[in-house]
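Okay, protein.cif now, which holds mmCIF, C-alpha atoms and all ligand atoms:
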```cif
data_upload
#
loop_
_atom_site.label_atom_id
_atom_site.label_comp_id
_atom_site.auth_asym_id
_atom_site.auth_seq_id
_atom_site.Cartn_x
_atom_site.Cartn_y
_atom_site.Cartn_z
CA MET A 6 0.00 0.00 0.00
CA SER A 7 1.29 3.43 -0.92
CA ASP A 8 -0.01 6.96 -0.65
CA ASN A 9 -1.75 6.38 -3.95
CA SER A 10 -3.83 3.51 -2.57
CA VAL A 11 -7.56 4.00 -2.80
CA PHE A 12 -10.59 2.00 -1.77
CA PRO A 13 -13.95 1.70 -3.47
CA GLY A 14 -15.89 4.94 -3.08
CA ASP A 15 -12.86 7.02 -2.08
CA LYS A 16 -12.93 10.61 -3.30
CA ILE A 17 -9.98 11.21 -5.59
CA ALA A 18 -10.55 14.60 -7.20
CA SER A 19 -13.19 17.19 -7.94
CA ILE A 20 -14.93 16.73 -11.30
CA GLU A 21 -14.02 20.31 -12.05
CA GLU A 22 -10.36 19.34 -12.00
CA TYR A 23 -10.37 15.80 -13.32
CA GLU A 24 -12.43 13.46 -15.45
CA ALA A 25 -13.30 9.92 -14.39
CA GLY A 26 -11.24 7.33 -16.25
CA HIS A 27 -10.82 3.61 -15.84
CA ASN A 28 -12.10 2.04 -12.58
CA THR A 29 -13.52 5.35 -11.43
CA PHE A 30 -16.88 7.06 -11.58
CA ASP A 31 -18.13 10.55 -10.99
CA ASP A 32 -20.88 11.10 -8.46
CA GLY A 33 -21.82 14.49 -9.89
CA ASP A 34 -19.34 16.29 -7.64
CA MET A 35 -16.27 14.14 -7.10
CA VAL A 36 -14.40 11.52 -9.05
CA ARG A 37 -14.41 8.40 -6.87
CA SER A 38 -12.69 5.08 -7.07
CA ALA A 39 -14.82 2.13 -8.13
CA THR A 40 -12.30 -0.38 -6.88
CA MET A 41 -9.32 -0.95 -4.64
CA GLY A 42 -6.11 -0.01 -6.35
CA GLU A 43 -3.55 2.68 -7.08
CA LYS A 44 -4.76 6.02 -8.33
CA ASP A 45 -3.10 7.47 -11.37
CA MET A 46 -3.77 11.15 -12.02
CA ASP A 47 -2.80 12.27 -15.48
CA LYS A 48 -2.15 16.01 -15.25
CA GLU A 49 -2.04 16.46 -19.02
CA THR A 50 -5.31 14.77 -19.96
CA ARG A 51 -6.90 15.71 -16.59
CA MET A 52 -8.02 12.12 -16.27
CA VAL A 53 -7.98 9.94 -13.15
CA ASN A 54 -7.56 6.19 -13.49
CA VAL A 55 -7.32 3.58 -10.79
CA ASN A 56 -5.07 0.69 -11.60
CA HIS A 57 -6.43 -2.44 -10.04
CA PRO A 58 -3.92 -5.15 -9.19
CA LYS A 59 -6.16 -7.59 -11.05
CA LEU A 60 -6.83 -6.66 -14.63
CA LEU A 61 -10.30 -6.21 -16.07
CA SER A 62 -11.88 -5.96 -12.67
CA ILE A 63 -14.55 -3.35 -13.30
CA PRO A 64 -16.68 -3.61 -16.41
CA LYS A 65 -17.20 -0.51 -18.50
CA VAL A 66 -20.49 0.71 -19.92
CA GLY A 67 -21.24 -1.40 -22.99
CA ASP A 68 -19.29 -4.44 -21.76
CA VAL A 69 -21.05 -7.79 -21.76
CA ILE A 70 -20.55 -9.82 -18.61
CA ILE A 71 -21.32 -13.35 -17.59
CA GLY A 72 -21.95 -13.93 -13.93
CA THR A 73 -23.63 -15.97 -11.24
CA VAL A 74 -26.94 -14.78 -9.83
CA ALA A 75 -26.21 -14.01 -6.17
CA ALA A 76 -29.60 -12.69 -5.09
CA VAL A 77 -33.09 -12.37 -6.51
CA MET A 78 -35.22 -9.51 -5.20
CA SER A 79 -38.70 -8.37 -6.19
CA SER A 80 -37.51 -5.78 -8.68
CA MET A 81 -33.90 -6.69 -9.41
CA ILE A 82 -31.29 -9.39 -9.39
CA ALA A 83 -27.70 -9.11 -8.17
CA VAL A 84 -25.08 -10.88 -10.24
CA THR A 85 -21.47 -11.64 -9.29
CA ILE A 86 -19.35 -11.03 -12.36
CA ASP A 87 -17.21 -13.95 -13.54
CA TYR A 88 -16.37 -12.87 -17.10
CA ILE A 89 -16.05 -9.45 -18.72
CA ASN A 90 -16.23 -9.54 -22.51
CA GLY A 91 -15.33 -13.22 -22.33
CA LYS A 92 -12.28 -12.75 -20.09
CA PRO A 93 -12.35 -14.25 -16.60
CA THR A 94 -12.20 -11.95 -13.62
CA THR A 95 -11.56 -12.96 -10.05
CA SER A 96 -12.45 -9.75 -8.29
CA LYS A 97 -16.09 -10.82 -7.73
CA VAL A 98 -17.61 -7.42 -8.42
CA GLU A 99 -21.41 -7.37 -8.36
CA CYS A 100 -23.81 -5.68 -10.71
CA ILE A 101 -27.55 -5.32 -10.48
CA CYS A 102 -30.17 -5.73 -13.15
CA GLY A 103 -33.71 -4.39 -12.88
CA THR A 104 -36.44 -6.95 -13.53
CA ARG A 105 -39.52 -4.96 -12.56
CA ASN A 106 -40.88 -4.43 -16.08
CA MET A 107 -40.34 -8.01 -17.26
CA ARG A 108 -43.52 -10.01 -17.34
CA ILE A 109 -41.80 -13.21 -16.33
CA ARG A 110 -42.57 -15.19 -13.18
CA ASN A 111 -39.03 -16.21 -12.33
CA VAL A 112 -36.64 -14.10 -14.36
CA ALA A 113 -33.73 -15.86 -12.69
CA LEU A 114 -32.92 -18.07 -9.74
CA VAL A 115 -29.98 -17.83 -7.35
CA ASN A 116 -26.96 -19.62 -8.88
CA ASP A 117 -28.26 -19.27 -12.44
CA ILE A 118 -25.66 -18.06 -14.91
CA ALA A 119 -26.64 -14.86 -16.68
CA SER A 120 -25.26 -12.76 -19.52
CA LEU A 121 -25.84 -9.04 -19.04
CA LYS A 122 -24.82 -5.78 -20.65
CA ILE A 123 -23.44 -3.00 -18.45
CA VAL A 124 -25.38 0.25 -18.93
CA ALA A 125 -24.30 2.55 -16.11
CA HIS A 126 -22.21 3.16 -13.03
CA LEU A 127 -24.37 5.02 -10.55
CA ASN A 128 -23.33 5.90 -7.00
CA GLY A 129 -20.85 3.07 -6.96
CA THR A 130 -23.35 0.50 -8.18
CA ILE A 131 -22.90 -1.17 -11.54
CA HIS A 132 -26.18 -1.39 -13.46
CA ALA A 133 -26.81 -3.95 -16.16
CA VAL A 134 -29.65 -4.99 -18.46
CA MET A 135 -30.75 -8.25 -20.07
CA ASP A 136 -33.23 -6.90 -22.63
CA GLU A 137 -31.49 -8.13 -25.77
CA SER A 138 -31.99 -11.58 -27.26
CA GLU A 139 -28.49 -12.84 -26.49
CA LEU A 140 -28.70 -11.49 -22.94
CA GLY A 141 -30.39 -13.30 -20.10
CA ILE A 142 -30.09 -16.66 -18.45
CA ILE A 143 -27.68 -19.10 -20.06
CA PHE A 144 -27.80 -21.78 -17.37
CA THR A 145 -30.53 -22.63 -14.89
CA LYS A 146 -32.03 -25.57 -13.05
CA CYS A 147 -35.51 -26.68 -12.03
CA ARG A 148 -36.90 -24.55 -9.22
CA LYS A 149 -38.72 -27.52 -7.70
CA CYS A 150 -36.20 -30.35 -7.76
CA GLY A 151 -32.93 -28.86 -9.05
CA GLY A 152 -33.08 -31.09 -12.11
CA LYS A 153 -31.88 -30.36 -15.61
CA VAL A 154 -34.20 -28.24 -17.75
CA VAL A 155 -34.79 -27.96 -21.47
CA THR A 156 -36.34 -25.02 -23.30
CA MET A 157 -39.88 -24.89 -24.62
CA ARG A 158 -40.21 -21.60 -26.51
CA ASP A 159 -39.70 -18.99 -23.76
CA ALA A 160 -40.20 -21.48 -20.93
CA VAL A 161 -38.06 -24.17 -19.38
CA LYS A 162 -39.25 -27.67 -18.54
CA CYS A 163 -37.63 -30.01 -16.04
CA THR A 164 -36.54 -33.34 -17.47
CA ASP A 165 -37.00 -34.96 -14.05
CA CYS A 166 -40.25 -33.65 -12.59
CA SER A 167 -41.74 -31.94 -15.68
CA TRP A 168 -42.19 -28.63 -13.82
CA ILE A 169 -42.59 -25.81 -16.33
CA ASP A 170 -41.25 -22.43 -15.40
CA GLU A 171 -40.28 -19.16 -17.03
CA ARG A 172 -36.93 -17.41 -17.29
CA LYS A 173 -35.58 -14.51 -19.28
CA LEU A 174 -33.55 -16.84 -21.46
CA SER A 175 -30.61 -15.82 -23.57
CA SER A 176 -30.55 -16.96 -27.17
CA ASN A 177 -27.34 -18.71 -26.06
CA PHE A 178 -29.19 -20.78 -23.47
CA GLY A 179 -28.13 -24.39 -23.46
CA LYS A 180 -24.98 -23.74 -25.47
CA SER A 181 -21.97 -24.40 -23.33
CA ASP A 182 -19.91 -22.15 -25.59
CA PHE A 183 -19.73 -19.49 -22.94
CA ILE A 184 -17.19 -21.67 -21.16
CA HIS A 185 -14.93 -21.32 -24.18
CA LEU A 186 -15.17 -17.55 -24.05
CA ARG A 187 -12.28 -17.63 -21.62
CA GLU A 188 -9.95 -18.55 -24.51
ZN ZN B 201 -37.79 -30.66 -11.54
#
```
With the file now loaded, output its structure as structure tokens.
Amino acid sequence: MSDNSVFPGDKIASIEEYEAGHNTFDDGDMVRSATMGEKDMDKETRMVNVNHPKLLSIPKVGDVIIGTVAAVMSSMIAVTIDYINGKPTTSKVECICGTRNMRIRNVALVNDIASLKIVAHLNGTIHAVMDESELGIIFTKCRKCGGKVVTMRDAVKCTDCSWIDERKLSSNFGKSDFIHLRE
């Protein structure tokens, strides 16, 4: 740890002086760190970056992530990010994805694998969406018995107990190709 060490949420500079660069966000007043790392203030470009010891730790707006559903709430899900643009990340950053306006009974279950697109960094929270065909759940199990499911149009059906359920499925559902994205 050096004098340049910062923690998530730390104020680094005023937005009047510096612009938010990599691994940082601006809260409307200050540029803050989005991660733990070393701050790097470029006096020429007036840009602040935070260099994380692990690469690719914080996804940028527009990045596509693959992660594990950590929590399912009434209007959103929280997803722990495992891959950013196909590259593995070990920093276990979470993003949230609103589900309020989806007319689906069980958009996702805890421990499902989801593909999401990052749309914003807001007050230190990473916001994602799953409203494109390739975004959504790419791996899930039966809610009743934990069995394997197959797709039936927009629904999933358990091969063990025949329970039919809904998910916001990705067009990549059932393809295990996402594993190979790490290459
Ligand atoms: Zn089942």
List as a VMD selection string the residues having at least one atom at most 7 Å from position (-29.2, -3.7, -19.4) as given in the file, counting all atoms listed in the file. chain A and resid 102 121 to 124 133 to 136
Please produce a file of those selected residues containing C-alpha atoms, as a PDB file, in the frame of the given file.
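Below is the file that was written, selection.pdb:
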```
ATOM      1  CA  CYS A 102     -30.170  -5.730 -13.150  1.00  0.00           C
ATOM      2  CA  LEU A 121     -25.840  -9.040 -19.040  1.00  0.00           C
ATOM      3  CA  LYS A 122     -24.820  -5.780 -20.650  1.00  0.00           C
ATOM      4  CA  ILE A 123     -23.440  -3.000 -18.450  1.00  0.00           C
ATOM      5  CA  VAL A 124     -25.380   0.250 -18.930  1.00  0.00           C
ATOM      6  CA  ALA A 133     -26.810  -3.950 -16.160  1.00  0.00           C
ATOM      7  CA  VAL A 134     -29.650  -4.990 -18.460  1.00  0.00           C
ATOM      8  CA  MET A 135     -30.750  -8.250 -20.070  1.00  0.00           C
ATOM      9  CA  ASP A 136     -33.230  -6.900 -22.630  1.00  0.00           C
TER      10      ASP A 136
END
```
All residues within 9 Å of ligand ZN 201 (chain B) are required, counting all atoms listed in the file; please report them as a PyMOL selection string. chain A and resi 146-154+162-169
Grab the residues selected above and save them as a PDB file, in the frame of the given file with C-alpha atoms.
```pdb
ATOM      1  CA  LYS A 146     -32.030 -25.570 -13.050  1.00  0.00           C
ATOM      2  CA  CYS A 147     -35.510 -26.680 -12.030  1.00  0.00           C
ATOM      3  CA  ARG A 148     -36.900 -24.550  -9.220  1.00  0.00           C
ATOM      4  CA  LYS A 149     -38.720 -27.520  -7.700  1.00  0.00           C
ATOM      5  CA  CYS A 150     -36.200 -30.350  -7.760  1.00  0.00           C
ATOM      6  CA  GLY A 151     -32.930 -28.860  -9.050  1.00  0.00           C
ATOM      7  CA  GLY A 152     -33.080 -31.090 -12.110  1.00  0.00           C
ATOM      8  CA  LYS A 153     -31.880 -30.360 -15.610  1.00  0.00           C
ATOM      9  CA  VAL A 154     -34.200 -28.240 -17.750  1.00  0.00           C
ATOM     10  CA  LYS A 162     -39.250 -27.670 -18.540  1.00  0.00           C
ATOM     11  CA  CYS A 163     -37.630 -30.010 -16.040  1.00  0.00           C
ATOM     12  CA  THR A 164     -36.540 -33.340 -17.470  1.00  0.00           C
ATOM     13  CA  ASP A 165     -37.000 -34.960 -14.050  1.00  0.00           C
ATOM     14  CA  CYS A 166     -40.250 -33.650 -12.590  1.00  0.00           C
ATOM     15  CA  SER A 167     -41.740 -31.940 -15.680  1.00  0.00           C
ATOM     16  CA  TRP A 168     -42.190 -28.630 -13.820  1.00  0.00           C
ATOM     17  CA  ILE A 169     -42.590 -25.810 -16.330  1.00  0.00           C
TER      18      ILE A 169
END
```
Can you pull out every residue within 9 Å of A:Asp159, counting all atoms listed in the file, but drop anything in the same chain fewer than 3 positions away, and send it as a VMD selection string? chain A and resid 156 171 to 174
Residue contacts of stretch 23-38 of chain A (12 Å, all atoms listed in the file) excluding same-chain residues fewer than 2 positions away, as an MDAnalysis selection string: chainID A and resid 9:21 40:66 98 125:131
Limited to C-alpha atoms, could you put the picked residues into a file as an mmCIF file, in the frame of the given file?
```cif
data_model
loop_
_atom_site.group_PDB
_atom_site.id
_atom_site.type_symbol
_atom_site.label_atom_id
_atom_site.label_comp_id
_atom_site.auth_asym_id
_atom_site.auth_seq_id
_atom_site.Cartn_x
_atom_site.Cartn_y
_atom_site.Cartn_z
ATOM 1 C CA ASN A 9 -1.750 6.380 -3.950
ATOM 2 C CA SER A 10 -3.830 3.510 -2.570
ATOM 3 C CA VAL A 11 -7.560 4.000 -2.800
ATOM 4 C CA PHE A 12 -10.590 2.000 -1.770
ATOM 5 C CA PRO A 13 -13.950 1.700 -3.470
ATOM 6 C CA GLY A 14 -15.890 4.940 -3.080
ATOM 7 C CA ASP A 15 -12.860 7.020 -2.080
ATOM 8 C CA LYS A 16 -12.930 10.610 -3.300
ATOM 9 C CA ILE A 17 -9.980 11.210 -5.590
ATOM 10 C CA ALA A 18 -10.550 14.600 -7.200
ATOM 11 C CA SER A 19 -13.190 17.190 -7.940
ATOM 12 C CA ILE A 20 -14.930 16.730 -11.300
ATOM 13 C CA GLU A 21 -14.020 20.310 -12.050
ATOM 14 C CA THR A 40 -12.300 -0.380 -6.880
ATOM 15 C CA MET A 41 -9.320 -0.950 -4.640
ATOM 16 C CA GLY A 42 -6.110 -0.010 -6.350
ATOM 17 C CA GLU A 43 -3.550 2.680 -7.080
ATOM 18 C CA LYS A 44 -4.760 6.020 -8.330
ATOM 19 C CA ASP A 45 -3.100 7.470 -11.370
ATOM 20 C CA MET A 46 -3.770 11.150 -12.020
ATOM 21 C CA ASP A 47 -2.800 12.270 -15.480
ATOM 22 C CA LYS A 48 -2.150 16.010 -15.250
ATOM 23 C CA GLU A 49 -2.040 16.460 -19.020
ATOM 24 C CA THR A 50 -5.310 14.770 -19.960
ATOM 25 C CA ARG A 51 -6.900 15.710 -16.590
ATOM 26 C CA MET A 52 -8.020 12.120 -16.270
ATOM 27 C CA VAL A 53 -7.980 9.940 -13.150
ATOM 28 C CA ASN A 54 -7.560 6.190 -13.490
ATOM 29 C CA VAL A 55 -7.320 3.580 -10.790
ATOM 30 C CA ASN A 56 -5.070 0.690 -11.600
ATOM 31 C CA HIS A 57 -6.430 -2.440 -10.040
ATOM 32 C CA PRO A 58 -3.920 -5.150 -9.190
ATOM 33 C CA LYS A 59 -6.160 -7.590 -11.050
ATOM 34 C CA LEU A 60 -6.830 -6.660 -14.630
ATOM 35 C CA LEU A 61 -10.300 -6.210 -16.070
ATOM 36 C CA SER A 62 -11.880 -5.960 -12.670
ATOM 37 C CA ILE A 63 -14.550 -3.350 -13.300
ATOM 38 C CA PRO A 64 -16.680 -3.610 -16.410
ATOM 39 C CA LYS A 65 -17.200 -0.510 -18.500
ATOM 40 C CA VAL A 66 -20.490 0.710 -19.920
ATOM 41 C CA VAL A 98 -17.610 -7.420 -8.420
ATOM 42 C CA ALA A 125 -24.300 2.550 -16.110
ATOM 43 C CA HIS A 126 -22.210 3.160 -13.030
ATOM 44 C CA LEU A 127 -24.370 5.020 -10.550
ATOM 45 C CA ASN A 128 -23.330 5.900 -7.000
ATOM 46 C CA GLY A 129 -20.850 3.070 -6.960
ATOM 47 C CA THR A 130 -23.350 0.500 -8.180
ATOM 48 C CA ILE A 131 -22.900 -1.170 -11.540
#
```
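Rounded to one decimal, atom CA of A:Ile71 and atom CA of A:Ile118 lie 6.9 Å from each other.
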Atom CA of A:Gly91 sits from atom CA of A:Arg110 at a separation of 28.8 Å
Restricting the calculation to all atoms listed in the file: of A:Ser79, A:Ser175, A:Ser138, A:Thr73, which residue gets closest to A:Arg105?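 Going through A:Ser79, A:Ser175, A:Ser138, A:Thr73 one by one, the smallest distance to A:Arg105 is for A:Ser79.
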Stretch 68-86 of chain A, all listed atoms, 3 Å padding on each side: what axis-aligned box centre and edge lengths in Å to one decimal come out, as JSON?
```
{"center_x": -29.0, "center_y": -10.2, "center_z": -13.4, "size_x": 25.4, "size_y": 17.5, "size_z": 22.7}
```
To one decimal place, how far is atom CA of A:Ala119 from atom CA of A:Ala39 in Å?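 Distance reported for this atom pair: 22.4 Å.
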Given the point (-26.1, -12.9, -26.9) in the coordinates of this file, which residues lie within 8 Å, counting all atoms listed in the file, and how would they look as JSON, numbers by chain? {"A": [120, 137, 138, 139, 140, 175, 176, 177]}
Closest of A:Lys92, A:Lys97, A:Arg108, A:Arg158 to A:Phe178 - atom-to-atom distances counting all atoms listed in the file: A:Arg158
Between A:Ile101, A:Ile109, A:Ala76, A:Val69, which one has atoms that come closest to A:Ile89, using all atoms listed in the file? A:Val69
Looking at A:Ile70, A:Ala75, A:Ala160, A:Ile143, which one is nearest to A:Asp87, with distances taken over only C-alpha atoms?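 Ranked by minimum distance to A:Asp87, first place goes to A:Ile70.
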